[in-house]
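A short worksheet on the structure shown next.
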Amino acid sequence: MDLVTVVGGIAAFCTTVSYFPQLRKCWQTGHTGDLSLWMFSVLATGVALWVVYGVLKADVVIIAANAVSLGLLLGILFFKMREVAGWS
């Protein structure tokens, strides 16, 4: 593995795991009042586009990191939408 791949992998790990604390808090409390629906929606769209970019470039690190990030973001958005819509 070359240095560029190692740096990319470490960066991908850091940005991906950064969503875990927020998702855990949403899961435990069921509340997302302080989170911006607009910001998380735009962020999820951007991350989804990174997945597409990774596929087009055939870059496994970009695909994997952003696919996991997208899954975590969708989890946070689920809690946000549930709260906004008043779902139980």
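In the structure tokens, each chain is lettered A, B, ... as it comes, each chain's residues begin at 1, and ligands are numbered from 1 in order of appearance.
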
message: Quick one: residues within 10 Å of Glu83 (chain A), only C-alpha atoms, excluding same-chain residues fewer than 3 positions away - as a ChimeraX atom specification?
response: /A:30-33,77-80,86-88

query: Just asking: which residues within chain A are helix (DSSP H, G or I) according to DSSP, as an NGL selection string?
result: :A and (3-17 or 20-29 or 37-57 or 60-85)

Mind running region 36-86 of chain A against region 2-5 of chain A at 12 Å and telling me each contacting residue's nearest atom pair with the distance in Å (one decimal), counting only C-alpha atoms, chain and number ascending, as a tab-separated table?
residue	atom	partner	partner_atom	distance
A:Asp59	CA	A:Thr5	CA	9.9
A:Val60	CA	A:Thr5	CA	10.1
A:Val61	CA	A:Thr5	CA	7.9
A:Ile62	CA	A:Thr5	CA	10.2

task: Skip region 15-29 of chain A itself and residues of its chain fewer than 3 positions away, then list as a VMD selection string all residues within 12 Å of it, counting only C-alpha atoms.
output: chain A and resid 8 to 12 32 to 35 40 43 to 44 47 61 to 83

Keeping N, CA and C atoms, export the residues of the selection given above as an mmCIF file, in the first residue's frame.
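Contents of again-v5.cif, freshly written:
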data_model
loop_
_atom_site.group_PDB
_atom_site.id
_atom_site.type_symbol
_atom_site.label_atom_id
_atom_site.label_comp_id
_atom_site.auth_asym_id
_atom_site.auth_seq_id
_atom_site.Cartn_x
_atom_site.Cartn_y
_atom_site.Cartn_z
ATOM 1 N N GLY A 8 -5.357 8.470 2.634
ATOM 2 C CA GLY A 8 -6.770 8.434 2.271
ATOM 3 C C GLY A 8 -7.577 7.520 3.181
ATOM 4 N N GLY A 9 -7.016 6.390 3.519
ATOM 5 C CA GLY A 9 -7.703 5.455 4.411
ATOM 6 C C GLY A 9 -7.885 6.021 5.806
ATOM 7 N N ILE A 10 -6.873 6.668 6.330
ATOM 8 C CA ILE A 10 -6.964 7.280 7.662
ATOM 9 C C ILE A 10 -7.980 8.426 7.646
ATOM 10 N N ALA A 11 -7.930 9.253 6.609
ATOM 11 C CA ALA A 11 -8.901 10.345 6.485
ATOM 12 C C ALA A 11 -10.320 9.796 6.386
ATOM 13 N N ALA A 12 -10.508 8.761 5.600
ATOM 14 C CA ALA A 12 -11.820 8.139 5.443
ATOM 15 C C ALA A 12 -12.310 7.576 6.769
ATOM 16 N N THR A 32 -33.824 14.903 17.944
ATOM 17 C CA THR A 32 -32.887 15.514 16.996
ATOM 18 C C THR A 32 -33.134 17.006 16.851
ATOM 19 N N GLY A 33 -33.782 17.603 17.838
ATOM 20 C CA GLY A 33 -34.203 18.998 17.756
ATOM 21 C C GLY A 33 -33.112 19.976 17.376
ATOM 22 N N ASP A 34 -31.895 19.751 17.799
ATOM 23 C CA ASP A 34 -30.808 20.692 17.521
ATOM 24 C C ASP A 34 -30.153 20.462 16.160
ATOM 25 N N LEU A 35 -30.549 19.422 15.461
ATOM 26 C CA LEU A 35 -29.923 19.089 14.178
ATOM 27 C C LEU A 35 -30.686 19.743 13.034
ATOM 28 N N PHE A 40 -28.183 18.209 7.071
ATOM 29 C CA PHE A 40 -27.960 16.768 6.951
ATOM 30 C C PHE A 40 -28.433 16.247 5.600
ATOM 31 N N LEU A 43 -25.719 17.317 3.149
ATOM 32 C CA LEU A 43 -24.539 16.502 3.413
ATOM 33 C C LEU A 43 -24.721 15.082 2.872
ATOM 34 N N ALA A 44 -25.891 14.488 3.098
ATOM 35 C CA ALA A 44 -26.153 13.134 2.596
ATOM 36 C C ALA A 44 -26.111 13.103 1.075
ATOM 37 N N VAL A 47 -22.437 13.232 0.100
ATOM 38 C CA VAL A 47 -21.766 11.955 0.365
ATOM 39 C C VAL A 47 -22.207 10.909 -0.656
ATOM 40 N N VAL A 61 -11.468 2.880 -1.580
ATOM 41 C CA VAL A 61 -11.429 3.644 -0.333
ATOM 42 C C VAL A 61 -12.534 4.708 -0.340
ATOM 43 N N ILE A 62 -12.682 5.431 -1.430
ATOM 44 C CA ILE A 62 -13.725 6.459 -1.522
ATOM 45 C C ILE A 62 -15.106 5.822 -1.453
ATOM 46 N N ILE A 63 -15.296 4.728 -2.156
ATOM 47 C CA ILE A 63 -16.599 4.053 -2.163
ATOM 48 C C ILE A 63 -16.953 3.555 -0.773
ATOM 49 N N ALA A 64 -16.051 2.812 -0.150
ATOM 50 C CA ALA A 64 -16.346 2.192 1.146
ATOM 51 C C ALA A 64 -16.593 3.233 2.230
ATOM 52 N N ALA A 65 -15.706 4.191 2.342
ATOM 53 C CA ALA A 65 -15.846 5.193 3.405
ATOM 54 C C ALA A 65 -17.133 5.985 3.246
ATOM 55 N N ASN A 66 -17.435 6.391 2.040
ATOM 56 C CA ASN A 66 -18.614 7.213 1.830
ATOM 57 C C ASN A 66 -19.899 6.395 1.884
ATOM 58 N N ALA A 67 -19.847 5.137 1.512
ATOM 59 C CA ALA A 67 -21.034 4.290 1.636
ATOM 60 C C ALA A 67 -21.391 4.095 3.109
ATOM 61 N N VAL A 68 -20.390 3.865 3.947
ATOM 62 C CA VAL A 68 -20.643 3.730 5.390
ATOM 63 C C VAL A 68 -21.132 5.060 5.954
ATOM 64 N N SER A 69 -20.482 6.153 5.570
ATOM 65 C CA SER A 69 -20.916 7.478 6.030
ATOM 66 C C SER A 69 -22.357 7.749 5.615
ATOM 67 N N LEU A 70 -22.702 7.399 4.386
ATOM 68 C CA LEU A 70 -24.057 7.617 3.903
ATOM 69 C C LEU A 70 -25.058 6.811 4.718
ATOM 70 N N GLY A 71 -24.716 5.576 5.039
ATOM 71 C CA GLY A 71 -25.598 4.765 5.876
ATOM 72 C C GLY A 71 -25.831 5.396 7.239
ATOM 73 N N LEU A 72 -24.780 5.908 7.847
ATOM 74 C CA LEU A 72 -24.902 6.564 9.148
ATOM 75 C C LEU A 72 -25.718 7.854 9.039
ATOM 76 N N LEU A 73 -25.467 8.625 7.993
ATOM 77 C CA LEU A 73 -26.239 9.856 7.777
ATOM 78 C C LEU A 73 -27.715 9.553 7.552
ATOM 79 N N LEU A 74 -28.003 8.502 6.812
ATOM 80 C CA LEU A 74 -29.399 8.135 6.597
ATOM 81 C C LEU A 74 -30.070 7.721 7.902
ATOM 82 N N GLY A 75 -29.299 7.094 8.787
ATOM 83 C CA GLY A 75 -29.834 6.768 10.107
ATOM 84 C C GLY A 75 -30.195 8.029 10.878
ATOM 85 N N ILE A 76 -29.319 9.018 10.856
ATOM 86 C CA ILE A 76 -29.591 10.287 11.536
ATOM 87 C C ILE A 76 -30.798 10.977 10.890
ATOM 88 N N LEU A 77 -30.847 10.966 9.552
ATOM 89 C CA LEU A 77 -31.985 11.579 8.859
ATOM 90 C C LEU A 77 -33.294 10.860 9.178
ATOM 91 N N PHE A 78 -33.239 9.543 9.359
ATOM 92 C CA PHE A 78 -34.438 8.796 9.742
ATOM 93 C C PHE A 78 -34.979 9.333 11.064
ATOM 94 N N PHE A 79 -34.111 9.485 12.055
ATOM 95 C CA PHE A 79 -34.541 10.010 13.353
ATOM 96 C C PHE A 79 -35.071 11.434 13.220
ATOM 97 N N LYS A 80 -34.413 12.252 12.392
ATOM 98 C CA LYS A 80 -34.856 13.630 12.196
ATOM 99 C C LYS A 80 -36.227 13.667 11.528
ATOM 100 N N MET A 81 -36.407 12.882 10.486
ATOM 101 C CA MET A 81 -37.696 12.855 9.782
ATOM 102 C C MET A 81 -38.798 12.301 10.689
ATOM 103 N N ARG A 82 -38.457 11.333 11.501
ATOM 104 C CA ARG A 82 -39.446 10.772 12.438
ATOM 105 C C ARG A 82 -39.905 11.839 13.413
ATOM 106 N N GLU A 83 -38.984 12.653 13.874
ATOM 107 C CA GLU A 83 -39.332 13.708 14.811
ATOM 108 C C GLU A 83 -40.139 14.819 14.127
#

- request: Work out how far apart CA of Val84 (chain A) and CA of Trp38 (chain A) are and give it in Å to one decimal.
  value: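 It comes out at 12.1 Å.
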